[in-house]
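J.: my_file.txt (compact mmCIF, C-alpha atoms and all ligand atoms) pasted underneath:
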# COMPACT_ATOMS: atom_id res chain seq x y z
CA MET A 1301 -12.39 -28.78 -30.40
CA ILE A 1302 -14.50 -26.16 -28.64
CA VAL A 1303 -13.05 -25.39 -25.20
CA THR A 1304 -13.87 -22.92 -22.46
CA THR A 1305 -12.64 -19.38 -22.80
CA SER A 1306 -11.34 -19.50 -19.23
CA ASP A 1307 -9.08 -22.46 -20.10
CA LEU A 1308 -7.59 -20.52 -23.02
CA PHE A 1309 -7.08 -17.46 -20.79
CA ARG A 1310 -5.46 -19.46 -17.99
CA LEU A 1311 -2.91 -20.91 -20.41
CA ALA A 1312 -2.23 -17.63 -22.25
CA TYR A 1313 -2.17 -15.12 -19.39
CA GLY A 1314 1.01 -13.02 -19.28
CA LYS A 1315 2.60 -14.98 -22.13
CA TYR A 1316 0.59 -14.23 -25.27
CA ALA A 1317 -2.79 -12.88 -26.35
CA VAL A 1318 -5.51 -15.01 -27.94
CA GLY A 1319 -6.88 -13.54 -31.18
CA ALA A 1320 -10.67 -13.14 -31.24
CA TYR A 1321 -12.13 -12.85 -34.75
CA ASN A 1322 -15.69 -12.13 -35.85
CA ILE A 1323 -17.17 -14.38 -38.50
CA ASN A 1324 -20.28 -13.99 -40.63
CA ASN A 1325 -19.91 -16.55 -43.40
CA MET A 1326 -18.37 -19.80 -44.63
CA GLU A 1327 -15.38 -18.24 -46.35
CA GLN A 1328 -14.29 -16.44 -43.18
CA ALA A 1329 -14.64 -19.69 -41.22
CA LEU A 1330 -12.51 -21.63 -43.73
CA GLY A 1331 -9.74 -19.01 -43.69
CA LEU A 1332 -9.90 -18.66 -39.92
CA PHE A 1333 -9.47 -22.39 -39.27
CA GLN A 1334 -6.83 -22.88 -41.97
CA GLY A 1335 -4.80 -19.91 -40.71
CA HIS A 1336 -4.89 -21.17 -37.14
CA ILE A 1337 -3.90 -24.71 -38.12
CA GLU A 1338 -1.04 -23.32 -40.18
CA SER A 1339 0.16 -21.05 -37.36
CA GLN A 1340 -0.61 -23.69 -34.69
CA ALA A 1341 -2.48 -21.17 -32.55
CA PRO A 1342 -5.54 -21.40 -30.29
CA PHE A 1343 -8.21 -18.78 -31.04
CA ILE A 1344 -11.64 -17.39 -30.25
CA ILE A 1345 -14.50 -17.21 -32.76
CA GLN A 1346 -16.74 -14.25 -32.10
CA ILE A 1347 -20.36 -14.03 -33.17
CA SER A 1348 -22.02 -10.63 -32.97
CA LYS A 1349 -25.74 -9.91 -32.84
CA GLY A 1350 -25.36 -8.65 -36.41
CA ALA A 1351 -23.79 -11.96 -37.50
CA ARG A 1352 -26.63 -13.95 -35.89
CA LYS A 1353 -29.11 -11.81 -37.83
CA TYR A 1354 -27.18 -11.86 -41.12
CA SER A 1355 -26.58 -15.62 -41.34
CA GLY A 1356 -29.38 -16.84 -39.14
CA ILE A 1357 -28.51 -18.54 -35.84
CA PRO A 1358 -28.67 -22.17 -37.09
CA MET A 1359 -26.52 -21.24 -40.11
CA ILE A 1360 -23.71 -19.47 -38.23
CA GLU A 1361 -23.59 -22.24 -35.63
CA GLY A 1362 -23.80 -24.88 -38.37
CA ILE A 1363 -20.81 -23.34 -40.17
CA ILE A 1364 -18.76 -23.66 -36.98
CA ARG A 1365 -19.91 -27.25 -36.36
CA ALA A 1366 -18.97 -28.14 -39.95
CA ALA A 1367 -15.56 -26.49 -39.56
CA GLU A 1368 -15.06 -28.53 -36.41
CA THR A 1369 -15.41 -31.78 -38.37
CA MET A 1370 -13.20 -30.47 -41.20
CA TYR A 1371 -10.42 -29.24 -38.87
CA PRO A 1372 -10.41 -31.57 -35.83
CA GLU A 1373 -6.97 -30.32 -34.81
CA ALA A 1374 -8.20 -26.76 -34.08
CA ILE A 1375 -8.68 -25.62 -30.47
CA TYR A 1376 -10.93 -22.60 -29.96
CA ALA A 1377 -13.69 -21.01 -27.91
CA VAL A 1378 -17.00 -19.63 -29.23
CA HIS A 1379 -17.93 -16.22 -27.83
CA LEU A 1380 -20.86 -13.81 -28.15
CA ASP A 1381 -19.47 -10.38 -29.04
CA HIS A 1382 -21.13 -7.19 -27.70
CA GLY A 1383 -24.24 -8.87 -26.35
CA ASP A 1384 -27.23 -7.23 -24.74
CA GLU A 1385 -28.89 -8.99 -21.83
CA ALA A 1386 -31.48 -10.89 -23.89
CA THR A 1387 -28.92 -12.12 -26.45
CA CYS A 1388 -26.61 -13.23 -23.63
CA TYR A 1389 -29.42 -15.36 -22.16
CA SER A 1390 -30.24 -16.82 -25.55
CA CYS A 1391 -26.58 -17.83 -26.06
CA ILE A 1392 -26.19 -19.14 -22.50
CA ASP A 1393 -29.29 -21.31 -22.89
CA SER A 1394 -28.30 -22.58 -26.34
CA GLY A 1395 -25.44 -24.67 -24.96
CA PHE A 1396 -23.26 -23.78 -27.95
CA TYR A 1397 -21.17 -20.92 -26.58
CA SER A 1398 -18.04 -20.95 -24.39
CA SER A 1399 -18.55 -17.38 -23.14
CA VAL A 1400 -20.61 -14.24 -23.65
CA MET A 1401 -19.87 -10.54 -23.59
CA ILE A 1402 -22.40 -8.32 -21.90
CA ASP A 1403 -21.81 -4.80 -23.13
CA ALA A 1404 -23.48 -2.37 -20.76
CA SER A 1405 -20.57 0.07 -20.86
CA HIS A 1406 -22.89 2.85 -22.09
CA GLU A 1407 -24.83 2.62 -18.79
CA PRO A 1408 -23.82 4.42 -15.59
CA PHE A 1409 -21.37 2.41 -13.42
CA ASP A 1410 -23.99 0.97 -11.02
CA GLN A 1411 -26.32 -0.08 -13.83
CA ASN A 1412 -23.41 -1.68 -15.70
CA VAL A 1413 -22.56 -3.63 -12.51
CA ALA A 1414 -26.18 -4.72 -11.94
CA ILE A 1415 -26.75 -5.91 -15.52
CA THR A 1416 -23.37 -7.67 -15.66
CA ARG A 1417 -24.06 -9.34 -12.28
CA ARG A 1418 -27.36 -10.80 -13.57
CA VAL A 1419 -25.67 -12.20 -16.69
CA VAL A 1420 -22.78 -13.61 -14.60
CA GLU A 1421 -25.23 -15.51 -12.38
CA ARG A 1422 -27.02 -17.09 -15.35
CA ALA A 1423 -23.76 -17.84 -17.20
CA HIS A 1424 -21.87 -19.33 -14.26
CA ALA A 1425 -24.79 -21.63 -13.49
CA LYS A 1426 -24.20 -23.18 -16.93
CA GLY A 1427 -20.38 -23.12 -16.83
CA LEU A 1428 -19.87 -20.16 -19.21
CA SER A 1429 -17.64 -17.20 -18.46
CA VAL A 1430 -18.55 -13.55 -18.95
CA GLU A 1431 -16.68 -10.61 -20.46
CA ALA A 1432 -17.90 -7.14 -19.52
CA GLU A 1433 -16.77 -3.66 -20.55
CA LEU A 1434 -15.83 -0.59 -18.60
CA GLY A 1435 -14.66 2.72 -20.05
CA MET A 1436 -15.20 4.61 -23.24
CA LEU A 1437 -13.60 2.96 -26.22
CA GLY A 1438 -13.07 5.48 -28.97
CA GLY A 1439 -10.68 7.49 -31.01
CA VAL A 1440 -8.43 9.51 -28.76
CA GLU A 1441 -7.50 12.31 -31.11
CA GLU A 1442 -4.12 14.00 -31.00
CA ASP A 1443 -5.61 17.45 -30.43
CA ILE A 1444 -7.33 16.38 -27.20
CA LYS A 1445 -5.58 17.58 -24.02
CA VAL A 1446 -3.74 14.93 -21.98
CA ASP A 1447 -6.22 15.19 -19.08
CA GLU A 1448 -9.14 14.61 -21.40
CA LYS A 1449 -7.38 11.69 -23.06
CA HIS A 1450 -6.94 10.00 -19.70
CA ALA A 1451 -10.54 10.62 -18.67
CA MET A 1452 -11.67 8.51 -21.62
CA LEU A 1453 -9.55 5.54 -20.60
CA THR A 1454 -10.64 2.88 -18.08
CA ASP A 1455 -9.96 4.00 -14.51
CA PRO A 1456 -7.88 1.32 -12.68
CA ASP A 1457 -9.64 1.77 -9.31
CA GLU A 1458 -13.05 1.59 -10.95
CA ALA A 1459 -11.96 -1.51 -12.85
CA LYS A 1460 -11.10 -3.30 -9.59
CA LEU A 1461 -14.40 -2.26 -8.01
CA PHE A 1462 -16.34 -3.27 -11.11
CA VAL A 1463 -14.82 -6.75 -11.22
CA GLU A 1464 -15.40 -7.28 -7.48
CA GLN A 1465 -19.01 -6.14 -7.63
CA SER A 1466 -20.06 -7.73 -10.93
CA GLY A 1467 -18.13 -11.01 -10.73
CA CYS A 1468 -17.23 -10.86 -14.44
CA ASP A 1469 -14.42 -13.15 -15.62
CA SER A 1470 -12.65 -10.77 -18.00
CA LEU A 1471 -12.85 -7.06 -18.65
CA ALA A 1472 -12.75 -5.08 -21.90
CA VAL A 1473 -10.82 -1.93 -21.14
CA ALA A 1474 -10.33 1.37 -22.94
CA VAL A 1475 -6.55 1.74 -23.27
CA GLY A 1476 -6.21 3.52 -26.60
CA THR A 1477 -8.03 1.31 -29.11
CA SER A 1478 -11.18 2.08 -31.07
CA HIS A 1479 -13.70 0.19 -33.23
CA GLY A 1480 -13.88 0.36 -37.01
CA ALA A 1481 -11.66 1.55 -39.84
CA TYR A 1482 -11.45 5.17 -38.71
CA LYS A 1483 -9.79 5.00 -35.34
CA PHE A 1484 -7.28 7.81 -35.06
CA LYS A 1485 -5.73 10.59 -37.03
CA GLY A 1486 -2.06 9.69 -37.14
CA GLN A 1487 -0.37 6.65 -35.60
CA GLN A 1488 -1.00 6.20 -31.89
CA SER A 1489 0.47 3.97 -29.26
CA LEU A 1490 -1.44 1.88 -26.74
CA HIS A 1491 -1.54 3.52 -23.30
CA PHE A 1492 0.85 1.07 -21.63
CA ASP A 1493 0.96 3.12 -18.44
CA ARG A 1494 -2.80 2.63 -18.12
CA ILE A 1495 -2.66 -1.11 -18.92
CA GLU A 1496 0.05 -1.51 -16.29
CA ALA A 1497 -1.99 0.42 -13.71
CA ILE A 1498 -5.08 -1.72 -14.38
CA GLN A 1499 -3.00 -4.89 -14.09
CA GLY A 1500 -1.63 -3.52 -10.81
CA GLN A 1501 -5.20 -3.37 -9.46
CA LEU A 1502 -6.21 -6.70 -11.03
CA PRO A 1503 -3.14 -8.96 -10.98
CA GLY A 1504 -3.64 -12.23 -12.86
CA TYR A 1505 -6.98 -11.05 -14.25
CA PRO A 1506 -7.54 -11.27 -18.05
CA LEU A 1507 -8.00 -7.94 -19.84
CA VAL A 1508 -9.55 -7.64 -23.30
CA MET A 1509 -8.72 -5.15 -26.04
CA HIS A 1510 -11.56 -4.43 -28.46
CA GLY A 1511 -11.04 -2.32 -31.56
CA SER A 1512 -7.60 -3.78 -32.23
CA SER A 1513 -7.50 -3.86 -36.03
CA SER A 1514 -4.40 -2.28 -37.51
CA VAL A 1515 -6.12 -0.93 -40.69
CA PRO A 1516 -3.03 -1.46 -42.87
CA GLN A 1517 -2.36 1.51 -45.14
CA GLU A 1518 -1.43 -0.82 -47.99
CA GLU A 1519 -4.83 -2.53 -47.77
CA VAL A 1520 -6.67 0.81 -47.82
CA LEU A 1521 -4.65 2.02 -50.82
CA ARG A 1522 -5.28 -1.21 -52.78
CA ILE A 1523 -9.02 -0.97 -52.06
CA ASN A 1524 -9.08 2.62 -53.25
CA ALA A 1525 -6.98 1.81 -56.35
CA SER A 1526 -9.65 -0.71 -57.35
CA GLY A 1527 -12.63 1.60 -56.98
CA GLY A 1528 -13.05 1.92 -53.21
CA LYS A 1529 -13.46 5.20 -51.38
CA LEU A 1530 -12.02 4.66 -47.91
CA ASP A 1531 -10.49 7.60 -46.10
CA PRO A 1532 -6.75 7.17 -46.83
CA SER A 1533 -5.84 8.78 -43.51
CA ALA A 1534 -7.41 5.78 -41.72
CA CYS A 1535 -5.02 4.46 -39.07
CA GLY A 1536 -5.23 1.59 -36.61
CA VAL A 1537 -3.52 -0.13 -33.71
CA ASN A 1538 0.15 -1.03 -34.07
CA GLU A 1539 0.17 -4.84 -34.06
CA ASN A 1540 3.82 -4.84 -32.94
CA GLU A 1541 2.51 -3.68 -29.54
CA PHE A 1542 0.33 -6.76 -28.91
CA ARG A 1543 3.05 -8.86 -27.31
CA ARG A 1544 4.05 -6.16 -24.82
CA ALA A 1545 0.37 -5.68 -23.92
CA ALA A 1546 0.07 -9.45 -23.42
CA THR A 1547 2.80 -9.39 -20.78
CA MET A 1548 0.65 -6.83 -18.92
CA GLY A 1549 -2.47 -9.00 -18.80
CA VAL A 1550 -4.09 -8.34 -22.19
CA THR A 1551 -5.23 -11.90 -22.93
CA LYS A 1552 -7.80 -11.40 -25.71
CA VAL A 1553 -7.44 -9.10 -28.72
CA ASN A 1554 -10.52 -8.44 -30.89
CA ILE A 1555 -10.07 -8.08 -34.64
CA ASP A 1556 -12.86 -7.70 -37.19
CA THR A 1557 -12.30 -4.66 -39.42
CA ASP A 1558 -8.95 -5.90 -40.80
CA GLY A 1559 -10.63 -9.10 -42.04
CA ARG A 1560 -13.34 -7.04 -43.74
CA LEU A 1561 -10.60 -5.05 -45.49
CA VAL A 1562 -9.04 -8.29 -46.79
CA TRP A 1563 -12.45 -9.35 -48.16
CA THR A 1564 -13.05 -5.96 -49.81
CA ARG A 1565 -9.57 -5.78 -51.35
CA VAL A 1566 -9.74 -9.31 -52.80
CA HIS A 1567 -13.20 -8.88 -54.32
CA ARG A 1568 -12.64 -5.35 -55.63
CA GLU A 1569 -9.33 -6.27 -57.28
CA TYR A 1570 -10.72 -9.51 -58.71
CA PHE A 1571 -13.80 -8.03 -60.33
CA GLN A 1572 -12.02 -4.89 -61.48
CA SER A 1573 -9.36 -6.91 -63.29
CA LYS A 1574 -11.89 -9.45 -64.62
CA PRO A 1575 -15.06 -7.50 -65.41
CA GLU A 1576 -16.39 -10.39 -67.52
CA GLU A 1577 -16.39 -12.78 -64.49
CA PHE A 1578 -19.41 -13.64 -62.36
CA ASP A 1579 -18.40 -16.91 -60.63
CA PHE A 1580 -18.05 -15.77 -57.03
CA ARG A 1581 -16.23 -18.98 -56.09
CA LYS A 1582 -13.09 -17.71 -57.80
CA PRO A 1583 -12.58 -14.59 -55.64
CA GLY A 1584 -14.01 -16.61 -52.71
CA THR A 1585 -11.15 -19.10 -53.05
CA ILE A 1586 -8.60 -16.28 -53.20
CA PHE A 1587 -10.19 -14.70 -50.12
CA VAL A 1588 -9.94 -17.91 -48.06
CA ALA A 1589 -6.21 -18.18 -48.86
CA GLU A 1590 -5.59 -14.47 -48.19
CA TYR A 1591 -7.56 -14.56 -44.94
CA ALA A 1592 -5.59 -17.62 -43.78
CA LYS A 1593 -2.34 -15.74 -44.55
CA PHE A 1594 -3.67 -12.73 -42.62
CA ILE A 1595 -4.43 -14.96 -39.61
CA VAL A 1596 -0.92 -16.47 -39.66
CA ASN A 1597 0.56 -12.96 -39.45
CA LYS A 1598 -1.78 -12.00 -36.58
CA SER A 1599 -0.91 -15.17 -34.63
CA ASN A 1600 2.77 -14.22 -34.92
CA LYS A 1601 2.08 -10.68 -33.71
CA LEU A 1602 -0.09 -11.90 -30.81
CA GLY A 1603 2.52 -14.46 -29.75
CA SER A 1604 -0.06 -17.28 -30.01
CA ALA A 1605 1.67 -18.95 -32.98
CA GLY A 1606 3.06 -22.37 -32.08
CA GLU A 1607 1.11 -22.62 -28.80
CA LEU A 1608 -1.41 -25.23 -29.99
CA PRO A 1609 0.54 -28.35 -28.88
CA ALA A 1610 1.08 -26.87 -25.37
CA VAL A 1611 -2.63 -26.01 -25.10
CA ARG A 1612 -3.60 -29.50 -26.25
CA SER A 1613 -1.38 -31.26 -23.75
CA ALA A 1614 -2.42 -28.95 -20.87
CA LEU A 1615 -6.10 -29.59 -21.61
CA ALA A 1616 -5.56 -33.36 -21.84
CA LYS A 1617 -4.31 -33.52 -18.23
O1 LIG A 1701 -17.14 -4.61 -32.58
C1 LIG A 1701 -18.00 -5.10 -33.34
C2 LIG A 1701 -17.64 -6.09 -34.37
O2 LIG A 1701 -16.81 -5.52 -35.33
C3 LIG A 1701 -18.85 -6.74 -34.93
O3 LIG A 1701 -19.47 -5.92 -35.86
O4 LIG A 1701 -21.84 -5.84 -35.07
O5 LIG A 1701 -21.22 -5.24 -37.43
O6 LIG A 1701 -21.15 -7.62 -36.65
P1 LIG A 1701 -21.02 -6.17 -36.28
P1 LIG A 1702 -12.02 -3.68 -34.95
O1 LIG A 1702 -13.13 -2.83 -35.51
O2 LIG A 1702 -10.82 -2.84 -34.60
O3 LIG A 1702 -11.66 -4.82 -35.79
O4 LIG A 1702 -12.57 -4.27 -33.54
C1 LIG A 1702 -13.37 -5.43 -33.51
C2 LIG A 1702 -13.99 -5.65 -32.17
O5 LIG A 1702 -13.68 -5.04 -31.18
C3 LIG A 1702 -15.02 -6.70 -32.09
O6 LIG A 1702 -15.61 -6.74 -30.83
ZN ZN A 1703 -15.68 -4.78 -29.90
As structure tokens - that is how I would like this structure written.
Ligand code: G3H
Ligand code: 13P
Ligand code: ZN
T.:
Amino acid sequence: MIVTTSDLFRLAYGKYAVGAYNINNMEQALGLFQGHIESQAPFIIQISKGARKYSGIPMIEGIIRAAETMYPEAIYAVHLDHGDEATCYSCIDSGFYSSVMIDASHEPFDQNVAITRRVVERAHAKGLSVEAELGMLGGVEEDIKVDEKHAMLTDPDEAKLFVEQSGCDSLAVAVGTSHGAYKFKGQQSLHFDRIEAIQGQLPGYPLVMHGSSSVPQEEVLRINASGGKLDPSACGVNENEFRRAATMGVTKVNIDTDGRLVWTRVHREYFQSKPEEFDFRKPGTIFVAEYAKFIVNKSNKLGSAGELPAVRSALAK
């Protein structure tokens, strides 16, 4: 059942974080739904501009509609990830999405506010909620001075001002995460002091963490052992920190790269060990099972595992 993102946030806030996963194809959708049924967790499906282009809009939406009939028990929202203004309007007008993200974080503060405000007006008129972004998400390297590190994180006072002026419903904040497989050199912790300070300025307001893949070392090593060439020093976010972040208002955690690593590992290992094979359904079947297993683990780390019955009964009232 597709529900509003704001309903999921209201039920999760302060207790657990909802996992938000990007999908591009049928196999990811199958694993995503199976993993969430198995872990009894609500979730968010994210569609990026790149996914809309790769699959075609009717195809990516059709995959989700088909999954809905195959897994009627699932409860989830459908969200546009990293939208520009035009893509936000296209998704708002389509009637298919629960929420959109307008990403104008590269613009100066006032421009970011103005663009976000326009999207909020169009979205709210149709009952959708809007995620915006403030701050510079990126690798905070260990050799950067403490002052510089903090300058790259979202400023709590600015966050409050931004939310007041733009009217956005949730805010992606820079608190020590980074997109992609190459996030940091060496293990890093989330900046809990900064998350706490932002929550202090925005009590009860849902915060979003992008770039939250953990880039497991074991996955990278298996990919490289089967012919891959990923940088073995790749390091990600410590998933054992998700639950603490959730108690501080982090309500949505975005994960894409880790799922891509599962896909790459499964296919590389399969075809390396069976060079005579060419039936892609065989590794595809393994991938669906492995991706579902991966989702179950993430639901446990996010604290969303087992929450499905409570969400269902709250939404039925
Ligand atoms: O943060 C971006 C997501 O990982 C989506 O990536 O734009 O390549 O689909 P994409
Ligand atoms: P990762 O690259 O860490 O998976 O982040 C995904 C993301 O933020 C999608 O918006
Ligand atoms: Zn992102």
J.: Tell me, as a PyMOL selection string, which residues lie within 10 Å of Ile1595 (chain A), counting all atoms listed in the file; anything in the same chain fewer than 5 positions away does not count.
T.: chain A and resi 1319+1321+1331-1339+1341+1559+1589-1590+1600-1601+1605
J.: What residues of the protein or nucleic acid chains come within 7 Å of ligand LIG 1701 (chain A) when you use only C-alpha atoms and all ligand atoms? Reply as a list in words.
T.: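 For ligand LIG 1701 (chain A), the residues inside 7 Å are Asn1322, Ser1348, Lys1349, Gly1350, Ala1351, Asp1381, His1382, His1479, Gly1480, His1510, Gly1511, Asp1556 and Thr1557 of chain A.
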J.: A:His1424, A:His1379, A:Lys1485, A:Arg1568: which is nearest ligand ZN 1703 (chain A), counting all atoms listed in the file?
T.: A:His1379
J.: Using the file's own x, y and z axes, what box holds all listed atoms of ligand LIG 1702 (chain A) with 5 Å on each side, keeping edges along x, y and z, and what are its centre and edge lengths in Å to one decimal, as AutoDock Vina command-line options?
T.:
--center_x -13.2 --center_y -4.8 --center_z -33.3 --size_x 14.8 --size_y 13.9 --size_z 15.0
J.: My list of candidates is A:Asp1403, A:Glu1569, A:Asp1558, A:Glu1361. Which is closest to ligand ZN 1703 (chain A) when distances are computed with all atoms listed in the file?
T.: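 Residue with the minimum atom-to-atom distance to ligand ZN 1703 (chain A): A:Asp1403.
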J.: One decimal, in Å: what's the spacing between CA of Gln1517 (chain A) and CA of Gly1435 (chain A)?
T.: 28.0 Å
J.: So, counting all atoms listed in the file, which residue among A:Gln1501, A:Gln1346, A:Thr1416, A:Gln1487 is closest to ligand LIG 1702 (chain A)?
T.: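 Using all atoms listed in the file, ligand LIG 1702 (chain A) sits closest to A:Gln1346.
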J.: For region 1572-1576 of chain A, work out the shell of residues within 12 Å, counting only C-alpha atoms and skipping chain neighbours fewer than 6 positions away, then give it as a list in words.
T.: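 Result of the neighbour search: Arg1522, Ile1523, Asn1524, Ala1525, Ser1526, Gly1527, Gly1528, Thr1564, Arg1565, Val1566, Lys1582 and Pro1583 of chain A.
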J.: CA of Ala1432 (chain A) and CA of Met1548 (chain A) are how many Å apart?
T.: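 For CA of Ala1432 (chain A) relative to CA of Met1548 (chain A), the distance reads 18.6 Å.
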J.: May I ask for the distance between atom O1 of ligand LIG 1702 (chain A) and CA of Lys1552 (chain A), given in Å to one decimal place?
T.: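 Computing it gives 14.1 Å between the two atoms.
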J.: Looking at only C-alpha atoms and all ligand atoms, which of A:Ile1392, A:Met1509, A:Val1378, A:Ala1414 is the one that sits closest to ligand ZN 1703 (chain A)?
T.: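 So, comparing all the options, the nearest one is A:Met1509.
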J.: Using only C-alpha atoms and all ligand atoms, pick whichever of A:Ala1616, A:Cys1391, A:Ile1323, A:Val1420 has the shortest atom-to-atom distance to ligand LIG 1702 (chain A).
T.: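 Closest candidate: A:Ile1323.
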J.: For each of A:Val1303, A:Val1473, A:Ala1329, A:Ile1360, take the minimum atom-to-atom distance to Ser1398 (chain A), counting all atoms listed in the file, then give the residue where this is smallest.
T.: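 Ranking A:Val1303, A:Val1473, A:Ala1329, A:Ile1360 by distance to Ser1398 (chain A), first place goes to A:Val1303.
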J.: Starting from the sparse input, extend region 1324-1347 of chain A to N, CA and C atoms and give the output as a tab-separated table (two decimals), in the coordinates of the input.
T.:
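This is the output file rebuild-v7.tsv:
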chain	number	residue	atom	x	y	z
A	1324	ASN	N	-18.92	-14.15	-40.11
A	1324	ASN	CA	-20.28	-13.99	-40.63
A	1324	ASN	C	-20.62	-14.99	-41.70
A	1325	ASN	N	-19.61	-15.66	-42.27
A	1325	ASN	CA	-19.91	-16.55	-43.40
A	1325	ASN	C	-18.92	-17.70	-43.50
A	1326	MET	N	-19.17	-18.59	-44.44
A	1326	MET	CA	-18.37	-19.80	-44.63
A	1326	MET	C	-16.93	-19.49	-45.00
A	1327	GLU	N	-16.74	-18.52	-45.88
A	1327	GLU	CA	-15.38	-18.24	-46.35
A	1327	GLU	C	-14.50	-17.75	-45.20
A	1328	GLN	N	-15.07	-16.90	-44.35
A	1328	GLN	CA	-14.29	-16.44	-43.18
A	1328	GLN	C	-13.94	-17.63	-42.28
A	1329	ALA	N	-14.89	-18.53	-42.10
A	1329	ALA	CA	-14.64	-19.69	-41.22
A	1329	ALA	C	-13.51	-20.55	-41.80
A	1330	LEU	N	-13.56	-20.80	-43.11
A	1330	LEU	CA	-12.51	-21.63	-43.73
A	1330	LEU	C	-11.13	-21.00	-43.55
A	1331	GLY	N	-11.03	-19.70	-43.83
A	1331	GLY	CA	-9.74	-19.01	-43.69
A	1331	GLY	C	-9.27	-18.97	-42.25
A	1332	LEU	N	-10.22	-18.75	-41.36
A	1332	LEU	CA	-9.90	-18.66	-39.92
A	1332	LEU	C	-9.30	-19.98	-39.41
A	1333	PHE	N	-9.97	-21.08	-39.74
A	1333	PHE	CA	-9.47	-22.39	-39.27
A	1333	PHE	C	-8.15	-22.74	-39.96
A	1334	GLN	N	-8.08	-22.53	-41.27
A	1334	GLN	CA	-6.83	-22.88	-41.97
A	1334	GLN	C	-5.66	-22.06	-41.45
A	1335	GLY	N	-5.88	-20.78	-41.21
A	1335	GLY	CA	-4.80	-19.91	-40.71
A	1335	GLY	C	-4.34	-20.33	-39.33
A	1336	HIS	N	-5.27	-20.77	-38.49
A	1336	HIS	CA	-4.89	-21.17	-37.14
A	1336	HIS	C	-4.23	-22.55	-37.09
A	1337	ILE	N	-4.60	-23.42	-38.03
A	1337	ILE	CA	-3.90	-24.71	-38.12
A	1337	ILE	C	-2.47	-24.44	-38.59
A	1338	GLU	N	-2.37	-23.60	-39.63
A	1338	GLU	CA	-1.04	-23.32	-40.18
A	1338	GLU	C	-0.13	-22.66	-39.14
A	1339	SER	N	-0.68	-21.73	-38.36
A	1339	SER	CA	0.16	-21.05	-37.36
A	1339	SER	C	0.16	-21.76	-36.02
A	1340	GLN	N	-0.59	-22.89	-35.93
A	1340	GLN	CA	-0.61	-23.69	-34.69
A	1340	GLN	C	-0.96	-22.81	-33.48
A	1341	ALA	N	-2.07	-22.09	-33.62
A	1341	ALA	CA	-2.48	-21.17	-32.55
A	1341	ALA	C	-3.91	-21.46	-32.09
A	1342	PRO	N	-4.16	-21.35	-30.77
A	1342	PRO	CA	-5.54	-21.40	-30.29
A	1342	PRO	C	-6.21	-20.07	-30.64
A	1343	PHE	N	-7.53	-20.02	-30.67
A	1343	PHE	CA	-8.21	-18.78	-31.04
A	1343	PHE	C	-9.63	-18.73	-30.49
A	1344	ILE	N	-10.26	-17.58	-30.68
A	1344	ILE	CA	-11.64	-17.39	-30.25
A	1344	ILE	C	-12.45	-16.95	-31.46
A	1345	ILE	N	-13.57	-17.64	-31.71
A	1345	ILE	CA	-14.50	-17.21	-32.76
A	1345	ILE	C	-15.53	-16.33	-32.10
A	1346	GLN	N	-15.74	-15.15	-32.66
A	1346	GLN	CA	-16.74	-14.25	-32.10
A	1346	GLN	C	-17.95	-14.17	-33.03
A	1347	ILE	N	-19.11	-14.21	-32.41
A	1347	ILE	CA	-20.36	-14.03	-33.17
A	1347	ILE	C	-21.06	-12.81	-32.58
